[in-house]
Amino acid sequence: MTPRQIAALAVRVLALYVLFDAIKMMSSLIYFYYAGAYGIGSTLPTGSMNLMQTKAMSVLAQFLLLAGFALFLSLFADGLAALMVKNDVQATPVERVSGIEIQTIAFSVIGLFAAFQALSQLFSHLLSLFYASRLGSPDFAPGELGAILGSLIMLILGSYFIFGARSFVKFVRSARDIGRDPNFVDEP
């Protein structure tokens, strides 16, 4: 397998994981459906029922984003692999892929996952804020601003790992080699 084929395989494995994550979201959607259908929240004040509907819309949006992302990953795995692994000759399989290439692929896939998780969470928080403001509650929930900032930081770090994985791997390897004998060979 070439490094690009390994990266495409890793992206497809990530697509499967994201699909499982989307299916997990279905349990929350089922709860909100039954809560509305059987009046589980009917003893709550009217605003609370609207809040329950807002949460259901947020969960539905996250489910659709995750399912769409899983589909996107599976359809465009080869193109994403080409972005992750540069200077790869497709026609010549490699007997042995170097540790740097494997680490670069792994960090790129982790970055892709982290960036999309951040986008999904950010979209969900912004959608919740939008619906809350439509219900007459324009104030941020206590942890909402921190959650939005955390999602933005995760998006930035995920993007860095997608596009800068090779430089990160080189940095980690050089940091690991501080104080080590320069003549020591780690890989043949």
# chains A, B, ... in the order shown; residues from 1 in each chain; ligands from 1
$ residues_around --residues "Leu66 of chain A" --least-positions-apart "4" --cutoff "9 Å" --atoms "only C-alpha atoms" --output "PyMOL selection string"
chain A and resi 18-19+21-23+61-62+70-71+116-117+120
$ write_last_selection --atoms "N, CA and C atoms" --output "compact mmCIF listing (two decimals), in the first residue's frame"
# COMPACT_ATOMS: atom_id res chain seq x y z
N VAL A 18 -17.69 8.23 12.48
CA VAL A 18 -18.60 9.37 12.50
C VAL A 18 -20.04 8.90 12.26
N LEU A 19 -20.21 7.91 11.40
CA LEU A 19 -21.55 7.36 11.17
C LEU A 19 -22.09 6.74 12.46
N ASP A 21 -21.28 7.62 15.43
CA ASP A 21 -21.57 8.76 16.30
C ASP A 21 -22.93 9.38 15.94
N ALA A 22 -23.24 9.46 14.65
CA ALA A 22 -24.52 9.99 14.21
C ALA A 22 -25.66 9.08 14.65
N ILE A 23 -25.44 7.78 14.55
CA ILE A 23 -26.47 6.83 14.98
C ILE A 23 -26.71 6.97 16.48
N ALA A 61 -29.99 18.85 14.07
CA ALA A 61 -28.98 19.49 13.23
C ALA A 61 -27.64 18.79 13.37
N GLN A 62 -27.27 18.42 14.60
CA GLN A 62 -26.01 17.70 14.80
C GLN A 62 -26.03 16.33 14.12
N ALA A 70 -20.08 11.99 7.46
CA ALA A 70 -19.70 10.59 7.20
C ALA A 70 -19.80 10.28 5.71
N LEU A 71 -20.86 10.76 5.08
CA LEU A 71 -21.03 10.56 3.65
C LEU A 71 -19.93 11.29 2.87
N PHE A 116 -14.05 18.74 12.46
CA PHE A 116 -15.48 18.58 12.21
C PHE A 116 -16.28 18.50 13.48
N GLN A 117 -15.76 17.86 14.50
CA GLN A 117 -16.45 17.85 15.80
C GLN A 117 -16.66 19.29 16.29
N SER A 120 -19.37 20.94 14.24
CA SER A 120 -20.66 20.41 14.64
C SER A 120 -21.13 21.02 15.96
$ closest_residue --among "A:Ala147, A:Leu14, A:Ala165, A:Val172" --to "Phe72 of chain A" --atoms "only C-alpha atoms"
A:Leu14
$ atom_distance --atom1 "atom CA of Leu16 of chain A" --atom2 "atom CA of Gly99 of chain A"
24.7 Å
